[in-house]
Amino acid sequence: MSLFRTLVLLLAISAAPAWSASFNLVAKPGQFDARTLAAPSATVTFSGTAKLVTFAGSPQWPTASYIGIQEGPDRTNSLQVLAVRNRSTDDSLVIGYRLVVGGKEVKVESIANIPLHAVWKVRIRFDSGVANLQVNGAHTVELRTPFKQAAPYVSVSSGEAEFAVDL
């Protein structure tokens, strides 16, 4: 193999994600299905896409898909980017984020509305307690968190969602 081909191959390998997967998660009405994607670390960078496939929400528990980070073994301390169908009559999803500390929402922000069955993309970088998120290629949002480490995760509530993730 020529030196040029070897260099091109090495560049392609180094640019490839360390882990990539596509899968569906399903949750009954009023429940979650979540998957932690890696062990907690002081620095995390990953990207993913989500698409809601089935809606089984209720007024008390709407259908939503989530891509985020969590500090511990659950989402008590987490930063979640989500797409939610607030009412069963809505013909769009609201994309936003929320910072949860000690099980309580401390910051919530809506970002955009998208069609019901649209694929949405997120990129998250977490380093030294600072999280940077970018949704659908828009400007980056920087959030300071009290988290010392984080693990990437995805989740769905009251429905089914397709996910594709690169770590």
# chains A, B, ... in the order shown; residues from 1 in each chain; ligands from 1
>>> residues_around(residues="Thr145 in chain A", least_positions_apart="6", cutoff="12 Å", atoms="only C-alpha atoms", output="PDB file with all heavy atoms, in the first residue's frame")
ATOM      1  N   ILE A  69     -27.065  14.050  28.879  1.00  0.00           N
ATOM      2  CA  ILE A  69     -26.034  13.533  29.759  1.00  0.00           C
ATOM      3  C   ILE A  69     -26.606  13.438  31.161  1.00  0.00           C
ATOM      4  O   ILE A  69     -27.483  14.214  31.540  1.00  0.00           O
ATOM      5  CB  ILE A  69     -24.765  14.423  29.759  1.00  0.00           C
ATOM      6  CG1 ILE A  69     -25.110  15.876  30.094  1.00  0.00           C
ATOM      7  CG2 ILE A  69     -24.024  14.318  28.431  1.00  0.00           C
ATOM      8  CD1 ILE A  69     -23.905  16.784  30.285  1.00  0.00           C
ATOM      9  N   GLN A  70     -26.116  12.480  31.925  1.00  0.00           N
ATOM     10  CA  GLN A  70     -26.525  12.336  33.319  1.00  0.00           C
ATOM     11  C   GLN A  70     -25.286  12.142  34.169  1.00  0.00           C
ATOM     12  O   GLN A  70     -24.320  11.514  33.737  1.00  0.00           O
ATOM     13  CB  GLN A  70     -27.497  11.173  33.491  1.00  0.00           C
ATOM     14  CG  GLN A  70     -26.922   9.824  33.103  1.00  0.00           C
ATOM     15  CD  GLN A  70     -27.982   8.743  33.036  1.00  0.00           C
ATOM     16  OE1 GLN A  70     -29.097   8.987  32.584  1.00  0.00           O
ATOM     17  NE2 GLN A  70     -27.627   7.550  33.465  1.00  0.00           N
ATOM     18  N   GLU A  71     -25.309  12.717  35.380  1.00  0.00           N
ATOM     19  CA  GLU A  71     -24.119  12.640  36.227  1.00  0.00           C
ATOM     20  C   GLU A  71     -23.998  11.276  36.895  1.00  0.00           C
ATOM     21  O   GLU A  71     -22.916  10.720  36.984  1.00  0.00           O
ATOM     22  CB  GLU A  71     -24.137  13.724  37.293  1.00  0.00           C
ATOM     23  CG  GLU A  71     -22.864  13.715  38.124  1.00  0.00           C
ATOM     24  CD  GLU A  71     -22.817  14.802  39.172  1.00  0.00           C
ATOM     25  OE1 GLU A  71     -23.852  15.080  39.798  1.00  0.00           O
ATOM     26  OE2 GLU A  71     -21.744  15.376  39.340  1.00  0.00           O
ATOM     27  N   ASN A  77     -29.587  14.169  38.152  1.00  0.00           N
ATOM     28  CA  ASN A  77     -28.701  15.258  37.755  1.00  0.00           C
ATOM     29  C   ASN A  77     -28.409  15.057  36.276  1.00  0.00           C
ATOM     30  O   ASN A  77     -27.633  14.173  35.906  1.00  0.00           O
ATOM     31  CB  ASN A  77     -27.397  15.250  38.558  1.00  0.00           C
ATOM     32  CG  ASN A  77     -27.618  15.590  40.007  1.00  0.00           C
ATOM     33  OD1 ASN A  77     -28.398  16.485  40.326  1.00  0.00           O
ATOM     34  ND2 ASN A  77     -26.955  14.885  40.893  1.00  0.00           N
ATOM     35  N   SER A  78     -29.056  15.857  35.438  1.00  0.00           N
ATOM     36  CA  SER A  78     -28.921  15.630  33.997  1.00  0.00           C
ATOM     37  C   SER A  78     -29.164  16.899  33.204  1.00  0.00           C
ATOM     38  O   SER A  78     -29.734  17.866  33.698  1.00  0.00           O
ATOM     39  CB  SER A  78     -29.908  14.544  33.542  1.00  0.00           C
ATOM     40  OG  SER A  78     -31.248  14.917  33.818  1.00  0.00           O
ATOM     41  N   LEU A  79     -28.704  16.854  31.983  1.00  0.00           N
ATOM     42  CA  LEU A  79     -29.006  17.873  30.995  1.00  0.00           C
ATOM     43  C   LEU A  79     -29.651  17.139  29.839  1.00  0.00           C
ATOM     44  O   LEU A  79     -29.043  16.248  29.254  1.00  0.00           O
ATOM     45  CB  LEU A  79     -27.738  18.601  30.543  1.00  0.00           C
ATOM     46  CG  LEU A  79     -27.931  19.618  29.419  1.00  0.00           C
ATOM     47  CD1 LEU A  79     -28.902  20.724  29.823  1.00  0.00           C
ATOM     48  CD2 LEU A  79     -26.597  20.199  29.007  1.00  0.00           C
ATOM     49  N   ARG A  98     -33.455  21.057  29.163  1.00  0.00           N
ATOM     50  CA  ARG A  98     -33.678  21.335  30.574  1.00  0.00           C
ATOM     51  C   ARG A  98     -32.507  20.796  31.375  1.00  0.00           C
ATOM     52  O   ARG A  98     -31.979  19.725  31.098  1.00  0.00           O
ATOM     53  CB  ARG A  98     -35.004  20.775  31.066  1.00  0.00           C
ATOM     54  CG  ARG A  98     -35.137  19.288  31.036  1.00  0.00           C
ATOM     55  CD  ARG A  98     -36.525  18.889  31.481  1.00  0.00           C
ATOM     56  NE  ARG A  98     -36.688  17.448  31.386  1.00  0.00           N
ATOM     57  CZ  ARG A  98     -37.809  16.827  31.612  1.00  0.00           C
ATOM     58  NH1 ARG A  98     -38.879  17.511  31.936  1.00  0.00           N
ATOM     59  NH2 ARG A  98     -37.881  15.519  31.505  1.00  0.00           N
ATOM     60  N   LEU A  99     -32.119  21.589  32.350  1.00  0.00           N
ATOM     61  CA  LEU A  99     -31.074  21.210  33.288  1.00  0.00           C
ATOM     62  C   LEU A  99     -31.774  20.783  34.571  1.00  0.00           C
ATOM     63  O   LEU A  99     -32.567  21.538  35.129  1.00  0.00           O
ATOM     64  CB  LEU A  99     -30.132  22.399  33.546  1.00  0.00           C
ATOM     65  CG  LEU A  99     -29.015  22.184  34.561  1.00  0.00           C
ATOM     66  CD1 LEU A  99     -28.083  21.050  34.141  1.00  0.00           C
ATOM     67  CD2 LEU A  99     -28.240  23.480  34.761  1.00  0.00           C
ATOM     68  N   VAL A 100     -31.497  19.551  35.000  1.00  0.00           N
ATOM     69  CA  VAL A 100     -32.115  18.982  36.194  1.00  0.00           C
ATOM     70  C   VAL A 100     -31.017  18.758  37.230  1.00  0.00           C
ATOM     71  O   VAL A 100     -30.024  18.081  36.947  1.00  0.00           O
ATOM     72  CB  VAL A 100     -32.829  17.648  35.867  1.00  0.00           C
ATOM     73  CG1 VAL A 100     -33.437  17.042  37.118  1.00  0.00           C
ATOM     74  CG2 VAL A 100     -33.884  17.855  34.788  1.00  0.00           C
ATOM     75  N   VAL A 101     -31.191  19.343  38.418  1.00  0.00           N
ATOM     76  CA  VAL A 101     -30.223  19.197  39.504  1.00  0.00           C
ATOM     77  C   VAL A 101     -30.992  18.748  40.742  1.00  0.00           C
ATOM     78  O   VAL A 101     -31.958  19.404  41.148  1.00  0.00           O
ATOM     79  CB  VAL A 101     -29.470  20.516  39.772  1.00  0.00           C
ATOM     80  CG1 VAL A 101     -28.498  20.349  40.938  1.00  0.00           C
ATOM     81  CG2 VAL A 101     -28.733  20.983  38.524  1.00  0.00           C
ATOM     82  N   GLY A 102     -30.590  17.633  41.320  1.00  0.00           N
ATOM     83  CA  GLY A 102     -31.280  17.108  42.500  1.00  0.00           C
ATOM     84  C   GLY A 102     -32.726  16.756  42.219  1.00  0.00           C
ATOM     85  O   GLY A 102     -33.566  16.845  43.098  1.00  0.00           O
ATOM     86  N   VAL A 106     -33.908  23.271  36.917  1.00  0.00           N
ATOM     87  CA  VAL A 106     -33.373  24.576  37.302  1.00  0.00           C
ATOM     88  C   VAL A 106     -33.276  25.522  36.104  1.00  0.00           C
ATOM     89  O   VAL A 106     -33.154  26.730  36.292  1.00  0.00           O
ATOM     90  CB  VAL A 106     -32.007  24.461  38.013  1.00  0.00           C
ATOM     91  CG1 VAL A 106     -32.154  23.708  39.328  1.00  0.00           C
ATOM     92  CG2 VAL A 106     -30.968  23.807  37.145  1.00  0.00           C
ATOM     93  N   LYS A 107     -33.335  24.975  34.904  1.00  0.00           N
ATOM     94  CA  LYS A 107     -33.353  25.804  33.694  1.00  0.00           C
ATOM     95  C   LYS A 107     -34.076  25.024  32.609  1.00  0.00           C
ATOM     96  O   LYS A 107     -33.793  23.861  32.362  1.00  0.00           O
ATOM     97  CB  LYS A 107     -31.943  26.148  33.243  1.00  0.00           C
ATOM     98  CG  LYS A 107     -31.931  27.033  32.000  1.00  0.00           C
ATOM     99  CD  LYS A 107     -30.621  27.752  31.832  1.00  0.00           C
ATOM    100  CE  LYS A 107     -30.621  28.588  30.584  1.00  0.00           C
ATOM    101  NZ  LYS A 107     -31.037  29.945  30.774  1.00  0.00           N
ATOM    102  N   PHE A 126     -19.321  17.975  26.858  1.00  0.00           N
ATOM    103  CA  PHE A 126     -19.270  18.258  28.295  1.00  0.00           C
ATOM    104  C   PHE A 126     -17.812  18.204  28.733  1.00  0.00           C
ATOM    105  O   PHE A 126     -17.110  17.235  28.448  1.00  0.00           O
ATOM    106  CB  PHE A 126     -20.092  17.217  29.061  1.00  0.00           C
ATOM    107  CG  PHE A 126     -19.956  17.319  30.555  1.00  0.00           C
ATOM    108  CD1 PHE A 126     -20.732  18.216  31.267  1.00  0.00           C
ATOM    109  CD2 PHE A 126     -19.053  16.526  31.246  1.00  0.00           C
ATOM    110  CE1 PHE A 126     -20.612  18.321  32.644  1.00  0.00           C
ATOM    111  CE2 PHE A 126     -18.925  16.624  32.619  1.00  0.00           C
ATOM    112  CZ  PHE A 126     -19.702  17.519  33.317  1.00  0.00           C
ATOM    113  N   ASP A 127     -17.359  19.264  29.413  1.00  0.00           N
ATOM    114  CA  ASP A 127     -15.983  19.306  29.889  1.00  0.00           C
ATOM    115  C   ASP A 127     -15.919  20.208  31.111  1.00  0.00           C
ATOM    116  O   ASP A 127     -16.338  21.372  31.058  1.00  0.00           O
ATOM    117  CB  ASP A 127     -15.059  19.831  28.784  1.00  0.00           C
ATOM    118  CG  ASP A 127     -13.582  19.707  29.116  1.00  0.00           C
ATOM    119  OD1 ASP A 127     -13.237  19.171  30.186  1.00  0.00           O
ATOM    120  OD2 ASP A 127     -12.762  20.156  28.297  1.00  0.00           O
ATOM    121  N   SER A 128     -15.432  19.670  32.213  1.00  0.00           N
ATOM    122  CA  SER A 128     -15.237  20.443  33.454  1.00  0.00           C
ATOM    123  C   SER A 128     -16.511  21.148  33.906  1.00  0.00           C
ATOM    124  O   SER A 128     -16.472  22.311  34.318  1.00  0.00           O
ATOM    125  CB  SER A 128     -14.107  21.457  33.267  1.00  0.00           C
ATOM    126  OG  SER A 128     -12.919  20.803  32.895  1.00  0.00           O
ATOM    127  N   GLY A 129     -17.644  20.472  33.790  1.00  0.00           N
ATOM    128  CA  GLY A 129     -18.911  21.040  34.247  1.00  0.00           C
ATOM    129  C   GLY A 129     -19.613  21.941  33.257  1.00  0.00           C
ATOM    130  O   GLY A 129     -20.725  22.385  33.504  1.00  0.00           O
ATOM    131  N   VAL A 130     -18.987  22.221  32.128  1.00  0.00           N
ATOM    132  CA  VAL A 130     -19.600  23.079  31.117  1.00  0.00           C
ATOM    133  C   VAL A 130     -20.096  22.208  29.969  1.00  0.00           C
ATOM    134  O   VAL A 130     -19.339  21.399  29.417  1.00  0.00           O
ATOM    135  CB  VAL A 130     -18.602  24.133  30.589  1.00  0.00           C
ATOM    136  CG1 VAL A 130     -19.240  24.969  29.489  1.00  0.00           C
ATOM    137  CG2 VAL A 130     -18.118  25.015  31.724  1.00  0.00           C
ATOM    138  N   ALA A 131     -21.354  22.377  29.631  1.00  0.00           N
ATOM    139  CA  ALA A 131     -21.955  21.628  28.513  1.00  0.00           C
ATOM    140  C   ALA A 131     -22.245  22.587  27.372  1.00  0.00           C
ATOM    141  O   ALA A 131     -22.784  23.676  27.590  1.00  0.00           O
ATOM    142  CB  ALA A 131     -23.237  20.940  28.960  1.00  0.00           C
ATOM    143  N   ASN A 132     -21.873  22.180  26.178  1.00  0.00           N
ATOM    144  CA  ASN A 132     -22.210  22.921  24.962  1.00  0.00           C
ATOM    145  C   ASN A 132     -23.116  22.033  24.139  1.00  0.00           C
ATOM    146  O   ASN A 132     -22.773  20.873  23.874  1.00  0.00           O
ATOM    147  CB  ASN A 132     -20.947  23.252  24.162  1.00  0.00           C
ATOM    148  CG  ASN A 132     -20.115  24.303  24.858  1.00  0.00           C
ATOM    149  OD1 ASN A 132     -20.468  25.475  24.851  1.00  0.00           O
ATOM    150  ND2 ASN A 132     -19.033  23.892  25.486  1.00  0.00           N
TER     151      ASN A 132
END
>>> residues_around(residues="Val84 in chain A", least_positions_apart="6", cutoff="8 Å", atoms="only C-alpha atoms", output="PyMOL selection string")
chain A and resi 62-65+93-95
>>> residues_around(residues="range 111-119 of chain A", least_positions_apart="2", cutoff="8 Å", atoms="only C-alpha atoms", output="PyMOL selection string")
chain A and resi 49-53+85+91-97+109+121
>>> select_by_dssp(residues="chain A", states="helix (DSSP H, G or I)", output="compact mmCIF listing (two decimals) with N, CA and C atoms, in the first residue's frame")
# COMPACT_ATOMS: atom_id res chain seq x y z
N LEU A 3 2.16 5.11 0.59
CA LEU A 3 2.15 6.00 1.75
C LEU A 3 0.90 6.88 1.75
N PHE A 4 0.50 7.37 0.58
CA PHE A 4 -0.69 8.21 0.46
C PHE A 4 -1.94 7.45 0.92
N ARG A 5 -2.12 6.22 0.43
CA ARG A 5 -3.30 5.42 0.83
C ARG A 5 -3.28 5.12 2.32
N THR A 6 -2.12 4.86 2.85
CA THR A 6 -2.01 4.59 4.28
C THR A 6 -2.41 5.82 5.09
N LEU A 7 -1.93 6.99 4.68
CA LEU A 7 -2.31 8.23 5.38
C LEU A 7 -3.80 8.50 5.28
N VAL A 8 -4.38 8.31 4.11
CA VAL A 8 -5.83 8.50 3.93
C VAL A 8 -6.60 7.54 4.82
N LEU A 9 -6.19 6.29 4.89
CA LEU A 9 -6.85 5.30 5.73
C LEU A 9 -6.74 5.69 7.21
N LEU A 10 -5.56 6.11 7.65
CA LEU A 10 -5.39 6.53 9.04
C LEU A 10 -6.24 7.74 9.38
N LEU A 11 -6.34 8.70 8.46
CA LEU A 11 -7.19 9.86 8.69
C LEU A 11 -8.65 9.46 8.78
N ALA A 12 -9.09 8.56 7.93
CA ALA A 12 -10.48 8.10 7.95
C ALA A 12 -10.79 7.38 9.25
N ILE A 13 -9.87 6.57 9.73
CA ILE A 13 -10.09 5.85 10.98
C ILE A 13 -10.12 6.81 12.16
N SER A 14 -9.21 7.79 12.18
CA SER A 14 -9.17 8.73 13.31
C SER A 14 -10.37 9.65 13.34
N ALA A 15 -10.99 9.90 12.19
CA ALA A 15 -12.17 10.78 12.13
C ALA A 15 -13.46 10.02 12.44
>>> residues_around(residues="Val122 in chain A", least_positions_apart="4", cutoff="10 Å", atoms="only C-alpha atoms", output="ChimeraX atom specification")
/A:46-50,66-68,81-82,133-138,165
>>> write_last_selection(atoms="N, CA and C atoms", output="CSV table (one decimal), in the first residue's frame")
chain,number,residue,atom,x,y,z
A,46,PHE,N,-20.4,13.7,22.1
A,46,PHE,CA,-21.2,12.8,21.2
A,46,PHE,C,-22.2,13.5,20.4
A,47,SER,N,-22.8,12.9,19.4
A,47,SER,CA,-23.9,13.4,18.6
A,47,SER,C,-24.9,12.3,18.4
A,48,GLY,N,-26.1,12.7,18.1
A,48,GLY,CA,-27.1,11.8,17.8
A,48,GLY,C,-28.3,12.4,17.1
A,49,THR,N,-29.1,11.5,16.6
A,49,THR,CA,-30.4,11.9,16.0
A,49,THR,C,-31.5,11.1,16.7
A,50,ALA,N,-32.7,11.7,16.7
A,50,ALA,CA,-33.9,11.0,17.2
A,50,ALA,C,-35.1,11.3,16.3
A,66,TYR,N,-35.5,12.0,24.1
A,66,TYR,CA,-34.4,12.8,24.8
A,66,TYR,C,-33.0,12.3,24.4
A,67,ILE,N,-32.1,13.2,24.3
A,67,ILE,CA,-30.7,12.9,24.1
A,67,ILE,C,-30.0,13.8,25.1
A,68,GLY,N,-29.2,13.2,26.0
A,68,GLY,CA,-28.6,14.1,27.0
A,68,GLY,C,-27.4,13.4,27.7
A,81,VAL,N,-31.8,17.3,26.2
A,81,VAL,CA,-32.3,17.9,25.0
A,81,VAL,C,-33.5,17.0,24.6
A,82,LEU,N,-34.7,17.6,24.4
A,82,LEU,CA,-35.8,16.8,24.1
A,82,LEU,C,-36.7,17.4,23.0
A,133,LEU,N,-24.3,22.6,23.8
A,133,LEU,CA,-25.2,21.8,22.9
A,133,LEU,C,-25.6,22.6,21.7
A,134,GLN,N,-25.7,21.8,20.6
A,134,GLN,CA,-26.1,22.4,19.4
A,134,GLN,C,-27.2,21.5,18.8
A,135,VAL,N,-28.4,22.1,18.5
A,135,VAL,CA,-29.5,21.3,18.0
A,135,VAL,C,-29.8,21.7,16.5
A,136,ASN,N,-29.9,20.8,15.6
A,136,ASN,CA,-30.1,21.0,14.2
A,136,ASN,C,-29.2,22.0,13.6
A,137,GLY,N,-28.0,22.0,14.0
A,137,GLY,CA,-27.0,22.9,13.4
A,137,GLY,C,-27.1,24.4,13.7
A,138,ALA,N,-28.0,24.7,14.7
A,138,ALA,CA,-28.2,26.1,15.1
A,138,ALA,C,-27.0,26.5,16.0
A,165,VAL,N,-26.6,7.2,17.2
A,165,VAL,CA,-25.7,7.9,18.1
A,165,VAL,C,-24.3,7.6,17.7
>>> atom_distance(atom1="CA of Phe55 in chain A", atom2="CA of Lys28 in chain A")
9.7 Å
>>> atom_distance(atom1="CA of Pro40 in chain A", atom2="CA of Ser155 in chain A")
16.7 Å
>>> atom_distance(atom1="CA of Ala21 in chain A", atom2="CA of Pro152 in chain A")
13.1 Å
